[in-house]
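Peer 1: Mind looking over this structure? Questions follow.
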Amino acid sequence: MNIAVIYGGTRPDGNTEILTEYLIEGIATEKFYLKDYNIKPIMDMRHSKDGFQDRSDEYNSIIERILPCDILIFATPIYWYSMSGTMKNFIDRWSQTLRDPKYPDFKNRMASKKAFVIAVGGDEPTIKGLPMIQQFNHIFDFMGIEFAGYILGNGNKPEEVIQDKNAFSTAAQIRNTLTESS
């Protein structure tokens with residue numbers, strides 16, 4: 001079982017990363033910190049005669065490395081009641097990959113995966129983060145990805161998420177599920 005963690009945060013050792021690292025403790029994963037890659041925004045050329053053009057960035061290098069994975073963990077802080085811009089930019093580019101002749105089976109390969117979402121924010125994230133979870137659910141549904149679970153943690157200031165015992169309990173349960181599956 002191959003697991004990829006896709007980090008959408010920009011703060012090193014932020015609350016989302018703390019909770020995610022707890023979840024994957026003792027599990028072999030490949031980690032992608034989107035902030036460390038040059039990923040250009042999508043240029044929507046779906047209806048152009050020439051279609052999408054290569055963006056000459058590092059986006060495809062991530063896609064090539066997550067395609068063999070069985071499980072994807074999307075870890076993002078909650079920004080303005082949604083995923084981070086870094087994460088959204090990455091997912092927006094899937095529209096291009098769906099039409100890229102280099103990846104003719106992109107959707108089918110993504111449909112073979114399970115996904116988890118880990119998100120941390122302040123201001124009642126277990127309620128106000130739910131629209132973001134619905135957004136991920138719709139994204140995964142469109143791609144055929146099994147949405148295996150999520151955690152909405154509470155934390156705004158550095159390390160504040162550590163006080164969220166419910167989030168850490170859920171993370172431990174998911175970790176147990178992942179280790180039993182491997």
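In the structure tokens, chains take the letters A, B, ... in the order shown, each chain's residues start at 1, and ligands count up from 1 in the order shown.
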Per residue of stretch 40-135 of chain A within 10 Å of stretch 8-19 of chain A, which atom pair is closest and at what distance in Å (one decimal), using only C-alpha atoms, listed by chain and increasing number, as a tab-separated table?
Peer 2:
```
residue	atom	partner	partner_atom	distance
A:Phe74	CA	A:Gly8	CA	7.5
A:Ala75	CA	A:Gly8	CA	6.0
A:Thr76	CA	A:Gly8	CA	4.7
A:Pro77	CA	A:Thr16	CA	5.8
A:Ile78	CA	A:Thr16	CA	9.0
A:Tyr79	CA	A:Gly9	CA	9.7
A:Met83	CA	A:Gly8	CA	7.8
A:Ser84	CA	A:Gly8	CA	6.1
A:Gly85	CA	A:Gly8	CA	7.8
A:Thr86	CA	A:Gly8	CA	5.5
A:Met87	CA	A:Gly8	CA	4.7
A:Lys88	CA	A:Gly8	CA	8.4
A:Asn89	CA	A:Gly8	CA	9.6
A:Phe90	CA	A:Gly8	CA	8.8
A:Ile118	CA	A:Thr16	CA	7.0
A:Ala119	CA	A:Thr16	CA	6.0
A:Val120	CA	A:Thr16	CA	5.3
A:Gly121	CA	A:Asn15	CA	8.1
```
Peer 1: Which is closest to A:Lys107 among A:Gly144, A:His138, A:Pro125, A:Arg93, if we use only C-alpha atoms?
Peer 2: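 Going through A:Gly144, A:His138, A:Pro125, A:Arg93 one by one, the smallest distance to A:Lys107 is for A:Gly144.
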Peer 1: Among chain A, which ones does DSSP place in strand (DSSP E or B), written as a ChimeraX atom specification?
Peer 2: /A:3-7,30-33,71-77,79,82,114-121,146-154
Peer 1: Quick one: contact table of stretch 102-165 of chain A to stretch 178-181 of chain A, 12 Å max, nearest atom pair and distance in Å to one decimal per residue, counting only C-alpha atoms, chain and number order, as JSON lines?
Peer 2:
```
{"residue": "A:Lys114", "atom": "CA", "partner": "A:Leu178", "partner_atom": "CA", "distance": 10.9}
{"residue": "A:Ala115", "atom": "CA", "partner": "A:Leu178", "partner_atom": "CA", "distance": 11.5}
{"residue": "A:Phe116", "atom": "CA", "partner": "A:Leu178", "partner_atom": "CA", "distance": 10.9}
{"residue": "A:Ala148", "atom": "CA", "partner": "A:Leu178", "partner_atom": "CA", "distance": 10.6}
{"residue": "A:Gly149", "atom": "CA", "partner": "A:Leu178", "partner_atom": "CA", "distance": 11.5}
```
Peer 1: Restricted to N, CA and C atoms, what would the selected residues look like written as a PDB file, in the first residue's frame?
Peer 2:
```pdb
ATOM      1  N   LYS A 114      -8.146   5.699  -2.567  1.00  0.00           N
ATOM      2  CA  LYS A 114      -8.912   6.174  -1.421  1.00  0.00           C
ATOM      3  C   LYS A 114      -8.297   7.498  -1.006  1.00  0.00           C
ATOM      4  N   ALA A 115      -9.123   8.380  -0.458  1.00  0.00           N
ATOM      5  CA  ALA A 115      -8.609   9.679  -0.031  1.00  0.00           C
ATOM      6  C   ALA A 115      -9.134  10.027   1.362  1.00  0.00           C
ATOM      7  N   PHE A 116      -8.278  10.722   2.087  1.00  0.00           N
ATOM      8  CA  PHE A 116      -8.624  11.300   3.381  1.00  0.00           C
ATOM      9  C   PHE A 116      -8.333  12.793   3.305  1.00  0.00           C
ATOM     10  N   ALA A 148     -12.569   8.215   2.059  1.00  0.00           N
ATOM     11  CA  ALA A 148     -12.476   7.278   3.174  1.00  0.00           C
ATOM     12  C   ALA A 148     -12.623   7.929   4.546  1.00  0.00           C
ATOM     13  N   GLY A 149     -12.523   9.252   4.636  1.00  0.00           N
ATOM     14  CA  GLY A 149     -12.696   9.904   5.931  1.00  0.00           C
ATOM     15  C   GLY A 149     -12.022  11.253   5.992  1.00  0.00           C
TER      16      GLY A 149
END
```
Peer 1: Could you list, as a PDB file with all heavy atoms, in the first residue's frame, every residue within 7 Å of stretch 36-50 of chain A, counting only C-alpha atoms and ignoring same-chain residues fewer than 5 positions away?
Peer 2:
```pdb
ATOM      1  N   ARG A  55       2.577  23.945 -18.976  1.00  0.00           N
ATOM      2  CA  ARG A  55       2.810  25.126 -18.146  1.00  0.00           C
ATOM      3  C   ARG A  55       4.273  25.249 -17.729  1.00  0.00           C
ATOM      4  O   ARG A  55       4.653  26.204 -17.063  1.00  0.00           O
ATOM      5  CB  ARG A  55       1.913  25.104 -16.901  1.00  0.00           C
ATOM      6  CG  ARG A  55       0.427  25.121 -17.202  1.00  0.00           C
ATOM      7  CD  ARG A  55      -0.063  26.459 -17.717  1.00  0.00           C
ATOM      8  NE  ARG A  55      -0.073  27.396 -16.603  1.00  0.00           N
ATOM      9  CZ  ARG A  55       0.259  28.670 -16.683  1.00  0.00           C
ATOM     10  NH1 ARG A  55       0.609  29.181 -17.824  1.00  0.00           N
ATOM     11  NH2 ARG A  55       0.247  29.436 -15.633  1.00  0.00           N
ATOM     12  N   ASP A  57       6.191  23.782 -15.448  1.00  0.00           N
ATOM     13  CA  ASP A  57       6.379  23.893 -14.003  1.00  0.00           C
ATOM     14  C   ASP A  57       6.573  22.495 -13.424  1.00  0.00           C
ATOM     15  O   ASP A  57       6.852  21.557 -14.160  1.00  0.00           O
ATOM     16  CB  ASP A  57       5.210  24.652 -13.357  1.00  0.00           C
ATOM     17  CG  ASP A  57       3.868  23.949 -13.526  1.00  0.00           C
ATOM     18  OD1 ASP A  57       3.821  22.807 -14.041  1.00  0.00           O
ATOM     19  OD2 ASP A  57       2.849  24.531 -13.126  1.00  0.00           O
ATOM     20  N   GLU A  58       6.410  22.353 -12.122  1.00  0.00           N
ATOM     21  CA  GLU A  58       6.691  21.073 -11.469  1.00  0.00           C
ATOM     22  C   GLU A  58       5.432  20.258 -11.151  1.00  0.00           C
ATOM     23  O   GLU A  58       5.517  19.220 -10.499  1.00  0.00           O
ATOM     24  CB  GLU A  58       7.484  21.324 -10.185  1.00  0.00           C
ATOM     25  CG  GLU A  58       8.837  21.943 -10.457  1.00  0.00           C
ATOM     26  CD  GLU A  58       9.576  22.330  -9.193  1.00  0.00           C
ATOM     27  OE1 GLU A  58       9.054  23.184  -8.436  1.00  0.00           O
ATOM     28  OE2 GLU A  58      10.651  21.758  -8.962  1.00  0.00           O
ATOM     29  N   TYR A  59       4.300  20.708 -11.610  1.00  0.00           N
ATOM     30  CA  TYR A  59       3.040  20.029 -11.323  1.00  0.00           C
ATOM     31  C   TYR A  59       3.065  18.562 -11.778  1.00  0.00           C
ATOM     32  O   TYR A  59       2.713  17.665 -11.005  1.00  0.00           O
ATOM     33  CB  TYR A  59       1.877  20.789 -11.977  1.00  0.00           C
ATOM     34  CG  TYR A  59       0.600  20.010 -12.045  1.00  0.00           C
ATOM     35  CD1 TYR A  59      -0.230  19.908 -10.927  1.00  0.00           C
ATOM     36  CD2 TYR A  59       0.221  19.353 -13.214  1.00  0.00           C
ATOM     37  CE1 TYR A  59      -1.405  19.175 -10.988  1.00  0.00           C
ATOM     38  CE2 TYR A  59      -0.941  18.630 -13.279  1.00  0.00           C
ATOM     39  CZ  TYR A  59      -1.750  18.534 -12.169  1.00  0.00           C
ATOM     40  OH  TYR A  59      -2.904  17.805 -12.228  1.00  0.00           O
ATOM     41  N   ASN A  89      -5.123  25.373  -6.119  1.00  0.00           N
ATOM     42  CA  ASN A  89      -4.368  25.516  -7.366  1.00  0.00           C
ATOM     43  C   ASN A  89      -3.946  24.144  -7.894  1.00  0.00           C
ATOM     44  O   ASN A  89      -4.063  23.869  -9.094  1.00  0.00           O
ATOM     45  CB  ASN A  89      -3.148  26.410  -7.112  1.00  0.00           C
ATOM     46  CG  ASN A  89      -2.417  26.768  -8.372  1.00  0.00           C
ATOM     47  OD1 ASN A  89      -3.022  27.121  -9.370  1.00  0.00           O
ATOM     48  ND2 ASN A  89      -1.098  26.677  -8.320  1.00  0.00           N
ATOM     49  N   ASP A  92      -7.081  22.351  -9.145  1.00  0.00           N
ATOM     50  CA  ASP A  92      -7.550  22.977 -10.387  1.00  0.00           C
ATOM     51  C   ASP A  92      -6.809  22.436 -11.605  1.00  0.00           C
ATOM     52  O   ASP A  92      -7.400  22.279 -12.678  1.00  0.00           O
ATOM     53  CB  ASP A  92      -7.359  24.496 -10.335  1.00  0.00           C
ATOM     54  CG  ASP A  92      -8.423  25.217  -9.539  1.00  0.00           C
ATOM     55  OD1 ASP A  92      -9.438  24.586  -9.158  1.00  0.00           O
ATOM     56  OD2 ASP A  92      -8.244  26.421  -9.296  1.00  0.00           O
ATOM     57  N   ARG A  93      -5.551  22.147 -11.444  1.00  0.00           N
ATOM     58  CA  ARG A  93      -4.745  21.657 -12.565  1.00  0.00           C
ATOM     59  C   ARG A  93      -5.185  20.266 -13.024  1.00  0.00           C
ATOM     60  O   ARG A  93      -4.836  19.842 -14.129  1.00  0.00           O
ATOM     61  CB  ARG A  93      -3.264  21.671 -12.197  1.00  0.00           C
ATOM     62  CG  ARG A  93      -2.651  23.065 -12.090  1.00  0.00           C
ATOM     63  CD  ARG A  93      -2.467  23.742 -13.437  1.00  0.00           C
ATOM     64  NE  ARG A  93      -1.543  23.026 -14.297  1.00  0.00           N
ATOM     65  CZ  ARG A  93      -0.212  23.135 -14.243  1.00  0.00           C
ATOM     66  NH1 ARG A  93       0.362  23.975 -13.396  1.00  0.00           N
ATOM     67  NH2 ARG A  93       0.549  22.425 -15.056  1.00  0.00           N
TER      68      ARG A  93
END
```
Peer 1: Give me, as a PyMOL selection string, the residues of stretch 37-156 of chain A that a backbone DSSP run labels helix (DSSP H, G or I).
Peer 2: chain A and resi 59-66+85-92+94-97+106-111+125-128+130-143
Peer 1: Rounded to one decimal in Å, what is the spacing between atom CA of A:Ala172 and atom CA of A:Ile139?
Peer 2: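 Value for the atom CA of A:Ala172-atom CA of A:Ile139 distance: 25.5 Å.
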Peer 1: Provide the atom CA of A:Asn2 to atom CA of A:Ile71 distance in Å, to one decimal place.
Peer 2: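 These two atoms are separated by 6.4 Å.
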Peer 1: Would you compute the distance between atom CA of A:Asn166 and atom CA of A:Phe147? Give it in Å to one decimal.
Peer 2: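 Separation of atom CA of A:Asn166 and atom CA of A:Phe147: 20.1 Å.
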Peer 1: Skipping near chain neighbours, those fewer than 2 positions away, what residues fall within 9 Å of A:Asp70 using only C-alpha atoms, listed as a tab-separated table (two decimals) with all heavy atoms, in the first residue's frame?
Peer 2:
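File result_21.tsv, as written:
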```
chain	number	residue	atom	x	y	z
A	1	MET	N	0.85	-1.18	0.00
A	1	MET	CA	0.00	0.00	0.00
A	1	MET	C	0.89	1.24	0.00
A	1	MET	O	1.72	1.42	0.88
A	1	MET	CB	-0.88	-0.03	1.25
A	1	MET	CG	-1.76	1.16	1.41
A	1	MET	SD	-2.87	1.07	2.82
A	1	MET	CE	-1.75	0.98	4.20
A	2	ASN	N	0.73	2.07	-1.02
A	2	ASN	CA	1.49	3.31	-1.13
A	2	ASN	C	0.61	4.47	-0.71
A	2	ASN	O	-0.52	4.59	-1.19
A	2	ASN	CB	1.96	3.53	-2.57
A	2	ASN	CG	2.91	2.45	-3.03
A	2	ASN	OD1	3.74	1.99	-2.26
A	2	ASN	ND2	2.79	2.05	-4.27
A	3	ILE	N	1.16	5.32	0.14
A	3	ILE	CA	0.40	6.47	0.66
A	3	ILE	C	1.16	7.75	0.35
A	3	ILE	O	2.35	7.85	0.62
A	3	ILE	CB	0.18	6.35	2.18
A	3	ILE	CG1	-0.59	5.07	2.52
A	3	ILE	CG2	-0.56	7.58	2.71
A	3	ILE	CD1	-0.70	4.80	4.00
A	4	ALA	N	0.43	8.72	-0.20
A	4	ALA	CA	0.99	10.05	-0.44
A	4	ALA	C	0.25	11.05	0.42
A	4	ALA	O	-0.98	11.02	0.52
A	4	ALA	CB	0.87	10.43	-1.90
A	66	ILE	N	2.21	10.60	-7.55
A	66	ILE	CA	1.02	10.17	-6.79
A	66	ILE	C	0.19	9.13	-7.53
A	66	ILE	O	-0.56	8.39	-6.90
A	66	ILE	CB	0.12	11.35	-6.34
A	66	ILE	CG1	-0.57	12.03	-7.51
A	66	ILE	CG2	0.88	12.33	-5.47
A	66	ILE	CD1	-1.67	12.98	-7.09
A	67	LEU	N	0.33	9.05	-8.84
A	67	LEU	CA	-0.47	8.08	-9.59
A	67	LEU	C	-0.28	6.64	-9.12
A	67	LEU	O	-1.25	5.89	-9.07
A	67	LEU	CB	-0.22	8.22	-11.09
A	67	LEU	CG	-0.98	9.36	-11.76
A	67	LEU	CD1	-0.56	9.52	-13.22
A	67	LEU	CD2	-2.49	9.17	-11.66
A	68	PRO	N	0.92	6.20	-8.76
A	68	PRO	CA	1.06	4.82	-8.28
A	68	PRO	C	0.53	4.59	-6.86
A	68	PRO	O	0.43	3.45	-6.42
A	68	PRO	CB	2.58	4.58	-8.31
A	68	PRO	CG	3.18	5.68	-9.09
A	68	PRO	CD	2.23	6.83	-8.99
A	72	LEU	N	-4.39	8.71	-0.86
A	72	LEU	CA	-3.97	10.11	-0.87
A	72	LEU	C	-4.54	10.78	0.38
A	72	LEU	O	-5.73	10.64	0.67
A	72	LEU	CB	-4.48	10.83	-2.11
A	72	LEU	CG	-4.10	10.23	-3.46
A	72	LEU	CD1	-4.76	11.01	-4.60
A	72	LEU	CD2	-2.59	10.19	-3.63
A	110	MET	N	-6.93	7.60	-10.93
A	110	MET	CA	-7.33	8.29	-9.70
A	110	MET	C	-8.52	7.58	-9.05
A	110	MET	O	-8.64	7.52	-7.83
A	110	MET	CB	-7.68	9.75	-10.00
A	110	MET	CG	-6.48	10.60	-10.42
A	110	MET	SD	-5.18	10.73	-9.18
A	110	MET	CE	-5.90	12.01	-8.12
A	112	SER	N	-9.01	4.59	-8.67
A	112	SER	CA	-8.61	3.39	-7.93
A	112	SER	C	-8.12	3.73	-6.52
A	112	SER	O	-7.74	2.84	-5.77
A	112	SER	CB	-7.50	2.66	-8.69
A	112	SER	OG	-6.29	3.42	-8.66
A	113	LYS	N	-8.17	4.99	-6.14
A	113	LYS	CA	-7.59	5.45	-4.87
A	113	LYS	C	-8.64	5.70	-3.81
A	113	LYS	O	-9.81	5.92	-4.10
A	113	LYS	CB	-6.79	6.73	-5.10
A	113	LYS	CG	-5.68	6.54	-6.12
A	113	LYS	CD	-4.93	7.80	-6.39
A	113	LYS	CE	-3.96	7.62	-7.53
A	113	LYS	NZ	-3.39	6.31	-7.71
A	114	LYS	N	-8.15	5.70	-2.57
A	114	LYS	CA	-8.91	6.17	-1.42
A	114	LYS	C	-8.30	7.50	-1.01
A	114	LYS	O	-7.09	7.70	-1.15
A	114	LYS	CB	-8.82	5.21	-0.24
A	114	LYS	CG	-9.53	3.92	-0.42
A	114	LYS	CD	-9.43	3.09	0.84
A	114	LYS	CE	-10.12	1.76	0.66
A	114	LYS	NZ	-10.09	0.98	1.90
A	115	ALA	N	-9.12	8.38	-0.46
A	115	ALA	CA	-8.61	9.68	-0.03
A	115	ALA	C	-9.13	10.03	1.36
A	115	ALA	O	-10.26	9.68	1.72
A	115	ALA	CB	-9.00	10.76	-1.02
```
Peer 1: Using only C-alpha atoms, determine which residues lie at most 7 Å from A:Ala167, disregarding the query and same-chain residues fewer than 2 positions distant; provide the list as a list of chain:residue names.
Peer 2: A:Ile151, A:Leu152, A:Gly153, A:Asp164, A:Lys165, A:Ser169, A:Thr170, A:Ala171
